[in-house]
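Engineer: Quick one: structure below, then a few questions.
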Amino acid sequence: MVDVNLGHGPAFNVARKLKERGIPFVFLTGYDQEAIPAEFDGIDRLEKPVELRQVVAGVARAMGLATLN
C-alpha cells in the first residue's frame, strides 16, 4: 500500500522504486485518478476512506491472487 501523500508531498518516487523492482503495490488516496501520473496506469487505486475488505481485495489483485467473494 502506497499512500499518495505521505505528508511531505507525493509518494511517487517510492512508487517508482517499487515498480522498478517488480514489487506489487496499490495506491491508497483521497485524490481522484487524475492525481496519479500516467506512468502508473494499471496500478489499482483505493479511495479513502477504505474498508478492510477493499484493502484485502486490492492487495490480492496486486499480487495476482484470486479473491473470495
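Quick note on naming: the chains in the C-alpha cells go A, B, ... in the order shown, residues restart at 1 in each chain, and ligands are numbered from 1 in order of appearance.
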Do you know which residues are at most 8 Å from Leu46 (chain A) counting only C-alpha atoms, after dropping those on the same chain fewer than 6 positions away, and could you put them as a PyMOL selection string?

Structural biologist: chain A and resi 26-29+54-55+58

Engineer: Can you tell me which residues surround Met63 (chain A) at a distance of at most 12 Å, considering only C-alpha atoms, apart from same-chain residues fewer than 6 positions away, and format the answer as a ChimeraX atom specification?

Structural biologist: /A:1,22-26,43-44,56-57

Engineer: Select from chain A everything DSSP, run on the backbone, classes as strand (DSSP E or B), then give the selection as a list in words.

Structural biologist: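 So the strand (DSSP E or B) residues in chain A would be Val2, Asp3, Asn5, Pro10, Phe27, Leu28, Thr29, Arg45, Leu46 and Glu47 of chain A.
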
Engineer: Pro37 (chain A): which residues within 12 Å, counting only C-alpha atoms, same-chain residues fewer than 2 positions away excluded, as a PyMOL selection string?

Structural biologist: chain A and resi 4+10-13+15-16+27+32-35+39-43+45

Engineer: Check the DSSP output for the backbone and give back, as a PyMOL selection string, the residues of chain A in helix (DSSP H, G or I).

Structural biologist: chain A and resi 12-20+33-35+38-40+52-62

Engineer: Give me, please, the distance in Å between CA of Lys17 (chain A) and CA of Ile36 (chain A), quoted to one decimal.

Structural biologist: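 Distance reported for this atom pair: 15.3 Å.
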